[in-house]
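In what follows, a single structure is set out as structure tokens and then discussed.
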There are 4 protein chains.
Amino acid sequence: MAIKLGKNNYGKARVRLLRVVRQDGRHDIRELTLGISFEGDFEAAHTKGDNRKLLPTDTMKNTVYVLARQYPVDSIEDFCTHLVEHFLTYNPQVTRVRIHAEENLWGRIALGGKPHASAFLRGGQDRRTAALEATREGTAIRAGIAGLVVLKTTKSAFDNFLRDPYTTLKEDRNRILSTSIHADWLYEASDIEFGPLWHGIRQILLETFAEHESQSLQHTLYAMAEAVLSNFDRVREIHLSLPNKHFNLVDLSPFGMDNPAEVFLPTDEPHGLIEATLQRE
Amino acid sequence: MAIKLGKNNYGKARVRLLRVVRQDGRHDIRELTLGISFEGDFEAAHTKGDNRKLLPTDTMKNTVYVLARQYPVDSIEDFCTHLVEHFLTYNPQVTRVRIHAEENLWGRIALGGKPHASAFLRGGQDRRTAALEATREGTAIRAGIAGLVVLKTTKSAFDNFLRDPYTTLKEDRNRILSTSIHADWLYEASDIEFGPLWHGIRQILLETFAEHESQSLQHTLYAMAEAVLSNFDRVREIHLSLPNKHFNLVDLSPFGMDNPAEVFLPTDEPHGLIEATLQRE
Amino acid sequence: MAIKLGKNNYGKARVRLLRVVRQDGRHDIRELTLGISFEGDFEAAHTKGDNRKLLPTDTMKNTVYVLARQYPVDSIEDFCTHLVEHFLTYNPQVTRVRIHAEENLWGRIALGGKPHASAFLRGGQDRRTAALEATREGTAIRAGIAGLVVLKTTKSAFDNFLRDPYTTLKEDRNRILSTSIHADWLYEASDIEFGPLWHGIRQILLETFAEHESQSLQHTLYAMAEAVLSNFDRVREIHLSLPNKHFNLVDLSPFGMDNPAEVFLPTDEPHGLIEATLQRE
Amino acid sequence: MAIKLGKNNYGKARVRLLRVVRQDGRHDIRELTLGISFEGDFEAAHTKGDNRKLLPTDTMKNTVYVLARQYPVDSIEDFCTHLVEHFLTYNPQVTRVRIHAEENLWGRIALGGKPHASAFLRGGQDRRTAALEATREGTAIRAGIAGLVVLKTTKSAFDNFLRDPYTTLKEDRNRILSTSIHADWLYEASDIEFGPLWHGIRQILLETFAEHESQSLQHTLYAMAEAVLSNFDRVREIHLSLPNKHFNLVDLSPFGMDNPAEVFLPTDEPHGLIEATLQRE
């Protein structure tokens, strides 16, 4: 019986960075958490304990800080592009570099109604993400959103569904719909204004969620993804992963009360999970 | 050797609620998580297994939903007041009721620049809290904020501190100051406009953090608490618990680079923790 | 209106340590997470930004590592005692030191049925804890257990309880009882074999939970605490905090099936919470 | 521009189950958390809001409880096999079913040195996992381990590695090696004694970790995976994902002390991450 090493990769996870840019009394900050992963010629490290082609993961981490000093981290997509280019240029033993970045979003503290120049507060629940996969043939750039929690109290139904003997769910013409949006999309190029595009896509996802006459979370997912592809032609495909965060109407009839869609029990377990990719043909 | 039952309490934790108010096409939502705890005459339950004075914790949970149907949950302080009054009224065996509530904050999705009537997104990282402790003599109402994460890149020093043989920390005239504000304060009465006051206190905590010429986190904590007491006379005392979230300047000298306060390493472990109460004399 | 500084403290949280002892080819490890807190003469730091009496929290952290080099960390109670003595001896400005320690428990990997001399695996879910509170008058030493999750399928009932109009809970003569034991107890002295005692107390808590004919979680809590006080006379008082982790019997009648206590739904939200202290008179 | 629906799936996550088997006074329990996912003919649900081919995820959940009543849940692999067979049999619109199961491991409380018949405590940190992917052509069964945390204080080096200008890591001939084992492996058939095999694989992973003369975590990963494939011929391939949990030697030289590998700082951020698949040729 012969055994062979299959797909393998190694790298550094949870590399944290705060980058401050100071210009004329106005400061900007970006807080990132990065994961870096290499594929390449690492067979001897596995089978013989020969480390001569292993760049330490500690060096990957150092490189993040060195490049953060050299570049202002305008967008996470651009910063990650610098990183993959560096790693591919100086590491012939590496054939593929993957970088995942997650940005904690900070706003400015308001002072007398105006945004402060150097004091910040953490923004919403969501994070901005980027995921690059690079070889010497090219780089695929994905951007995304993680954990954007939304809820609507109108325009959501779920009925006329398939039933089997174990189905007890009631039809609902007026349910609460809530999810935590996890989206990521593939750009068709790298010469993109990543920041404005990200904000535009986030906004259209929110608006479509809000206004869609939902027959199911699948139905709304499709509408959200379609809206992004229809409005942003630099996006080649988009993937959405949407948990269905259930809010169960509380049965108050044991207490002689009705409950006209006013009192709900939010639950985390179990939850639905709806996922799909939409692409241009 | 005699053994006696000392202080004891029981109750229900993690009771979750979403309350929807629907008025003329405009919906409002409040999402709460509550904890309820009773003290009282429960000796026989402990020592003899006699449950005749134990109201089930399941009933406490039901009561939350019944009262949520009866009241619109304008503020968490008012809603918790209804709950403690109910429990004390109908449970002579109970001498003290404690309720803790935490509110997830939701904003409205913007549509064409205007807030949507029935679609929401989770707001910032922070939660609004309330903690009531009630006996038949009276009720102490505390309100608070949990998890309001802030950071400033100016006006923060830490120097001239005490040194001992194990001190290696360097003086710093220009450090990053960051914390996650946990505040709670005691109101001197119950006839208070809880909502507007909460927002006012949150704002002055933020502004004071932003503008204070900080010599230490203790120094800034005091300024923040003092600002609340000075501006809001319905607040009798305030307690702040502030982790010092360290952002360490990365040493780039091994790579022949300086680092003029641009590249930092955020860390969670270990962290400082500064706590104090300020009171009116 | 005058404002005064009330109770205040500061310190370092989440100080992590692994201590290795190497003796004749056999290694022992202890992994701790510590929190250290000072009370004392810190008014000027708060009100004037005068740091001259503030020992940096970074120094507290360094001191942990220095003392860990000097002492083998036989028990967390002994190690924390060295720490509080050090801090009180060298810091006249400090009036009270609190230290909380939590130990991750490691067992040995079995090799050919025998425990390995230098390879370990993380043990159960529970952690061993210690909490010291020290002034120049003396030190109170508490030990404890956190997160010891247990479950029994017999000998648990809950019936004959108080009912009100919102009570819907059914009586149950054969329910599942499950909790996550959080216990801490006060020793009456400091010259104690902390390790053996801790293991003895843990065992009697488990045995009492297993064998008790439970009429309620209060009833079982009392029996567990009483067993500790009855069997360990160095324990002056004990506090137990026991969440009631509900396992709901699934109603299979819609599918024409009975459910003779076989299929349950575990839930985390909401849960009961039962807490009490037992003391010697 | 045409848009098409690509890969999509939906299902239920975090379905929790406790199954009790009662035989002659001896009880056995299994606690599972399941995730179920369908692929199939769901285009109309997405594009038209036509739900007629959507079985509610609530029904998936109900089915778990119905089948748990019908079968004793001997092994998670067998129980998941029943589930996928049920879903494929009764749902012609479904082409692929994925089920992931995670089992919380419970041991028995010892009473007088003997395992209790009906009282349990949560075992180690690790969970047993299974992942099935089924079509009408066949089912791939993977089993696994999640979160098995191990540490060794001998037989671990990392040196002779690749260096670049940003490398500062020192060679280390005697470092601590620690990881949290995440393993999953593919069985070559379904007529397998899943329980005994799982325990055998877990044991050989532990033993190999303990005894291997490690030149890197890659080197040890390979040895662990090779040991499984060499000893268990029903395993076709195995994937290991191993975080390198760093324990940094604390520099005590500022305090005039050496540190002969006794005092370490455990860290979670950042960490290495080493992943590979080994297969039979």
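Going by the structure tokens order, chains are called A, B, ..., each with residues numbered from 1, while ligands are numbered from 1 in the order shown.
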Is it possible to get the superposed chain C, fitted on chain D over all Cα pairs by sequence order, as a short mmCIF file (atom, residue, chain, number, x, y, z; two decimals) with C-alpha atoms, in the first residue's frame?
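superposed_20.cif, written as the output of this step:
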```cif
data_model
loop_
_atom_site.label_atom_id
_atom_site.label_comp_id
_atom_site.auth_asym_id
_atom_site.auth_seq_id
_atom_site.Cartn_x
_atom_site.Cartn_y
_atom_site.Cartn_z
CA MET C 1 -26.69 40.66 -19.82
CA ALA C 2 -28.14 37.34 -18.71
CA ILE C 3 -27.89 36.09 -15.15
CA LYS C 4 -28.17 32.49 -14.12
CA LEU C 5 -28.56 30.64 -10.86
CA GLY C 6 -25.45 28.60 -10.13
CA LYS C 7 -24.77 26.13 -7.35
CA ASN C 8 -27.30 26.42 -4.58
CA ASN C 9 -28.44 24.54 -1.51
CA TYR C 10 -30.62 25.03 1.50
CA GLY C 11 -31.26 23.29 4.76
CA LYS C 12 -31.36 23.40 8.53
CA ALA C 13 -28.41 24.04 10.81
CA ARG C 14 -27.93 23.54 14.56
CA VAL C 15 -30.60 20.83 14.94
CA ARG C 16 -29.94 19.53 18.43
CA LEU C 17 -30.86 16.10 19.76
CA LEU C 18 -30.41 14.04 22.87
CA ARG C 19 -31.24 10.37 22.45
CA VAL C 20 -31.63 8.21 25.56
CA VAL C 21 -31.59 4.42 25.41
CA ARG C 22 -32.84 2.67 28.54
CA GLN C 23 -32.05 -1.02 28.91
CA ASP C 24 -32.37 -2.97 32.14
CA GLY C 25 -31.55 -0.02 34.36
CA ARG C 26 -28.54 1.01 32.32
CA HIS C 27 -28.97 4.16 30.27
CA ASP C 28 -26.97 5.37 27.29
CA ILE C 29 -27.09 8.87 25.87
CA ARG C 30 -25.99 10.51 22.67
CA GLU C 31 -26.05 14.26 22.15
CA LEU C 32 -25.83 15.48 18.57
CA THR C 33 -25.97 18.70 16.63
CA LEU C 34 -26.87 18.23 12.98
CA GLY C 35 -26.80 20.26 9.82
CA ILE C 36 -28.81 19.14 6.79
CA SER C 37 -28.54 20.53 3.29
CA PHE C 38 -30.35 19.79 0.01
CA GLU C 39 -29.35 20.36 -3.58
CA GLY C 40 -31.92 19.83 -6.30
CA ASP C 41 -34.52 21.40 -8.53
CA PHE C 42 -35.04 24.70 -6.74
CA GLU C 43 -34.76 27.14 -9.62
CA ALA C 44 -38.41 28.20 -9.53
CA ALA C 45 -38.22 28.95 -5.82
CA HIS C 46 -35.38 31.37 -6.44
CA THR C 47 -36.55 33.01 -9.61
CA LYS C 48 -40.35 32.96 -9.28
CA GLY C 49 -41.09 32.54 -5.59
CA ASP C 50 -42.70 29.20 -6.40
CA ASN C 51 -42.30 27.08 -3.27
CA ARG C 52 -43.94 23.90 -4.50
CA LYS C 53 -40.68 21.94 -4.51
CA LEU C 54 -39.37 23.35 -1.24
CA LEU C 55 -39.69 21.00 1.69
CA PRO C 56 -39.58 23.32 4.72
CA THR C 57 -36.40 23.21 6.75
CA ASP C 58 -38.74 22.82 9.73
CA THR C 59 -39.70 19.45 8.27
CA MET C 60 -36.04 18.43 8.04
CA LYS C 61 -35.80 19.14 11.76
CA ASN C 62 -38.96 17.12 12.54
CA THR C 63 -37.57 14.22 10.53
CA VAL C 64 -34.49 14.11 12.75
CA TYR C 65 -36.69 13.58 15.80
CA VAL C 66 -38.93 11.02 14.10
CA LEU C 67 -35.98 8.93 12.98
CA ALA C 68 -34.31 9.31 16.36
CA ARG C 69 -37.43 7.69 17.82
CA GLN C 70 -37.22 4.85 15.30
CA TYR C 71 -33.50 4.16 15.63
CA PRO C 72 -31.32 3.96 18.72
CA VAL C 73 -28.51 6.19 17.30
CA ASP C 74 -25.81 3.56 17.79
CA SER C 75 -23.32 5.60 15.81
CA ILE C 76 -23.67 9.02 14.23
CA GLU C 77 -22.58 7.57 10.87
CA ASP C 78 -25.43 5.04 10.93
CA PHE C 79 -27.97 7.58 12.09
CA CYS C 80 -26.99 10.04 9.37
CA THR C 81 -27.24 7.22 6.82
CA HIS C 82 -30.87 6.65 7.82
CA LEU C 83 -31.49 10.37 7.38
CA VAL C 84 -29.99 10.68 3.91
CA GLU C 85 -31.81 7.55 2.76
CA HIS C 86 -35.09 8.93 4.03
CA PHE C 87 -34.62 12.28 2.33
CA LEU C 88 -33.54 10.82 -1.01
CA THR C 89 -36.37 8.27 -1.00
CA TYR C 90 -39.19 10.73 -0.39
CA ASN C 91 -37.89 13.77 -2.23
CA PRO C 92 -37.49 13.24 -5.96
CA GLN C 93 -36.74 16.94 -6.39
CA VAL C 94 -33.55 16.50 -4.34
CA THR C 95 -30.38 15.35 -6.08
CA ARG C 96 -27.89 15.61 -3.27
CA VAL C 97 -28.14 15.54 0.51
CA ARG C 98 -25.37 16.60 2.85
CA ILE C 99 -25.48 15.95 6.56
CA HIS C 100 -22.95 17.05 9.09
CA ALA C 101 -23.17 15.77 12.65
CA GLU C 102 -21.18 16.67 15.71
CA GLU C 103 -21.41 14.59 18.85
CA ASN C 104 -20.72 15.94 22.31
CA LEU C 105 -18.97 13.17 24.17
CA TRP C 106 -20.28 12.12 27.57
CA GLY C 107 -18.63 9.80 30.06
CA ARG C 108 -20.13 8.27 33.17
CA ILE C 109 -19.77 9.69 36.66
CA ALA C 110 -17.74 7.29 38.78
CA LEU C 111 -19.44 6.13 41.98
CA GLY C 112 -17.35 4.07 44.34
CA GLY C 113 -14.96 3.51 41.47
CA LYS C 114 -17.65 2.16 39.15
CA PRO C 115 -19.32 3.92 36.22
CA HIS C 116 -22.81 5.09 37.08
CA ALA C 117 -25.72 3.56 35.17
CA SER C 118 -27.58 6.82 34.55
CA ALA C 119 -25.43 9.81 35.52
CA PHE C 120 -23.00 11.37 33.09
CA LEU C 121 -20.41 14.11 32.74
CA ARG C 122 -19.18 15.83 29.59
CA GLY C 123 -15.92 14.28 28.50
CA GLY C 124 -12.94 15.97 26.91
CA GLN C 125 -12.87 19.03 24.70
CA ASP C 126 -13.11 17.08 21.48
CA ARG C 127 -16.24 16.17 19.53
CA ARG C 128 -16.82 13.25 17.23
CA THR C 129 -17.99 14.30 13.77
CA ALA C 130 -19.52 12.73 10.68
CA ALA C 131 -20.16 14.21 7.24
CA LEU C 132 -22.22 12.37 4.65
CA GLU C 133 -22.70 13.40 1.06
CA ALA C 134 -25.30 11.33 -0.76
CA THR C 135 -26.78 11.15 -4.22
CA ARG C 136 -28.83 8.37 -5.79
CA GLU C 137 -25.52 6.98 -7.09
CA GLY C 138 -24.02 6.51 -3.64
CA THR C 139 -22.98 7.97 -0.33
CA ALA C 140 -19.58 9.16 0.78
CA ILE C 141 -19.12 8.77 4.52
CA ARG C 142 -16.53 10.83 6.34
CA ALA C 143 -15.89 10.62 10.06
CA GLY C 144 -13.77 12.93 12.13
CA ILE C 145 -12.59 14.57 15.29
CA ALA C 146 -12.84 18.26 16.12
CA GLY C 147 -11.02 20.16 18.82
CA LEU C 148 -8.73 17.52 20.31
CA VAL C 149 -6.18 19.75 22.04
CA VAL C 150 -2.74 18.25 22.63
CA LEU C 151 0.68 19.50 23.74
CA LYS C 152 4.13 18.01 24.07
CA THR C 153 7.21 19.31 25.86
CA THR C 154 9.79 17.16 24.10
CA LYS C 155 10.68 15.92 20.63
CA SER C 156 9.81 19.09 18.76
CA ALA C 157 12.20 21.25 16.78
CA PHE C 158 11.91 23.81 14.02
CA ASP C 159 15.15 24.81 12.34
CA ASN C 160 16.98 24.86 9.01
CA PHE C 161 14.00 26.72 7.55
CA LEU C 162 13.97 29.16 4.67
CA ARG C 163 14.95 32.70 5.57
CA ASP C 164 14.23 35.99 3.83
CA PRO C 165 14.96 39.60 4.84
CA TYR C 166 11.87 39.69 7.04
CA THR C 167 12.67 36.52 8.94
CA THR C 168 13.43 37.05 12.62
CA LEU C 169 12.35 33.68 14.02
CA LYS C 170 15.09 31.89 15.90
CA GLU C 171 15.89 28.25 15.36
CA ASP C 172 14.51 26.10 18.11
CA ARG C 173 15.63 22.58 18.96
CA ASN C 174 13.39 22.16 21.97
CA ARG C 175 10.11 23.95 21.52
CA ILE C 176 6.67 23.19 22.84
CA LEU C 177 4.38 21.75 20.19
CA SER C 178 0.65 22.13 20.64
CA THR C 179 -2.34 21.90 18.37
CA SER C 180 -6.07 21.33 18.28
CA ILE C 181 -6.56 18.29 16.08
CA HIS C 182 -9.23 18.60 13.40
CA ALA C 183 -9.25 15.41 11.41
CA ASP C 184 -11.68 13.89 8.98
CA TRP C 185 -11.31 10.78 6.91
CA LEU C 186 -13.18 9.07 4.10
CA TYR C 187 -14.30 5.48 4.55
CA GLU C 188 -14.11 3.24 1.52
CA ALA C 189 -17.44 1.58 2.37
CA SER C 190 -20.48 1.87 4.61
CA ASP C 191 -20.45 -1.58 6.29
CA ILE C 192 -18.06 -0.50 8.97
CA GLU C 193 -17.96 -0.76 12.75
CA PHE C 194 -17.84 2.99 13.03
CA GLY C 195 -17.51 3.24 16.80
CA PRO C 196 -14.48 1.01 17.38
CA LEU C 197 -12.74 2.40 14.32
CA TRP C 198 -13.22 5.98 15.48
CA HIS C 199 -11.71 5.19 18.85
CA GLY C 200 -8.81 3.37 17.21
CA ILE C 201 -8.06 6.27 14.91
CA ARG C 202 -8.28 8.78 17.73
CA GLN C 203 -5.80 6.73 19.75
CA ILE C 204 -3.27 6.37 16.96
CA LEU C 205 -3.44 10.09 16.23
CA LEU C 206 -2.66 10.79 19.89
CA GLU C 207 0.16 8.25 20.11
CA THR C 208 1.82 9.43 16.93
CA PHE C 209 1.64 13.03 18.04
CA ALA C 210 3.22 12.06 21.37
CA GLU C 211 6.09 9.97 20.02
CA HIS C 212 7.02 11.64 16.76
CA GLU C 213 10.44 13.31 16.53
CA SER C 214 8.99 16.47 15.04
CA GLN C 215 10.95 18.69 12.69
CA SER C 216 7.88 20.82 11.98
CA LEU C 217 4.13 20.59 12.38
CA GLN C 218 3.97 19.55 8.70
CA HIS C 219 6.29 16.68 9.53
CA THR C 220 4.15 15.55 12.46
CA LEU C 221 0.92 15.99 10.51
CA TYR C 222 2.26 13.66 7.85
CA ALA C 223 3.31 11.08 10.41
CA MET C 224 -0.10 11.18 12.09
CA ALA C 225 -2.01 10.81 8.84
CA GLU C 226 0.31 8.11 7.58
CA ALA C 227 -0.15 6.12 10.79
CA VAL C 228 -3.91 6.18 10.30
CA LEU C 229 -3.71 5.01 6.68
CA SER C 230 -1.16 2.33 7.54
CA ASN C 231 -3.19 0.87 10.36
CA PHE C 232 -6.76 1.23 9.13
CA ASP C 233 -7.31 -0.08 5.66
CA ARG C 234 -10.96 0.97 5.54
CA VAL C 235 -9.78 4.57 5.47
CA ARG C 236 -9.22 5.78 1.92
CA GLU C 237 -7.94 9.25 2.69
CA ILE C 238 -7.53 11.54 5.65
CA HIS C 239 -7.40 15.31 6.00
CA LEU C 240 -5.80 17.05 8.96
CA SER C 241 -6.13 20.72 9.84
CA LEU C 242 -3.74 21.65 12.63
CA PRO C 243 -3.38 25.11 14.12
CA ASN C 244 0.07 25.69 15.54
CA LYS C 245 -0.79 26.98 18.99
CA HIS C 246 2.28 28.96 19.92
CA PHE C 247 3.72 28.94 23.42
CA ASN C 248 6.36 31.66 23.48
CA LEU C 249 9.28 31.36 25.89
CA VAL C 250 9.15 34.42 28.13
CA ASP C 251 12.31 36.53 28.09
CA LEU C 252 13.25 36.97 31.75
CA SER C 253 16.68 38.47 31.07
CA PRO C 254 15.48 42.01 31.88
CA PHE C 255 15.03 40.69 35.42
CA GLY C 256 18.40 38.96 35.57
CA MET C 257 16.92 35.52 35.20
CA ASP C 258 17.35 32.70 32.76
CA ASN C 259 14.38 30.70 31.52
CA PRO C 260 15.36 27.10 30.84
CA ALA C 261 12.13 26.23 29.00
CA GLU C 262 9.99 26.59 32.12
CA VAL C 263 7.87 29.73 31.72
CA PHE C 264 5.82 30.19 28.55
CA LEU C 265 3.22 32.59 27.26
CA PRO C 266 0.34 30.78 25.49
CA THR C 267 -1.17 32.81 22.65
CA ASP C 268 -4.10 32.39 20.29
CA GLU C 269 -3.33 35.23 17.91
CA PRO C 270 -1.69 34.83 15.51
CA HIS C 271 -1.32 31.11 14.99
CA GLY C 272 0.08 28.90 12.30
CA LEU C 273 -2.30 26.69 10.34
CA ILE C 274 -1.09 23.52 8.65
CA GLU C 275 -3.41 21.46 6.46
CA ALA C 276 -2.96 18.43 4.25
CA THR C 277 -4.70 15.41 2.80
CA LEU C 278 -3.03 12.01 2.57
CA GLN C 279 -4.41 9.40 0.22
CA ARG C 280 -3.79 5.88 -0.90
CA GLU C 281 -2.32 5.75 -4.38
#
```
- What residues in segment 2-118 of chain C get the DSSP label strand (DSSP E or B)? Please answer as a PyMOL selection string. chain C and resi 3-23+26-40+94-111+114-118
- Task: Enumerate, as a VMD selection string, the complete set of residues in segment 73-157 of chain A that a backbone-based DSSP assignment places in alpha helix (DSSP H).
- Result: chain A and resid 76 to 90
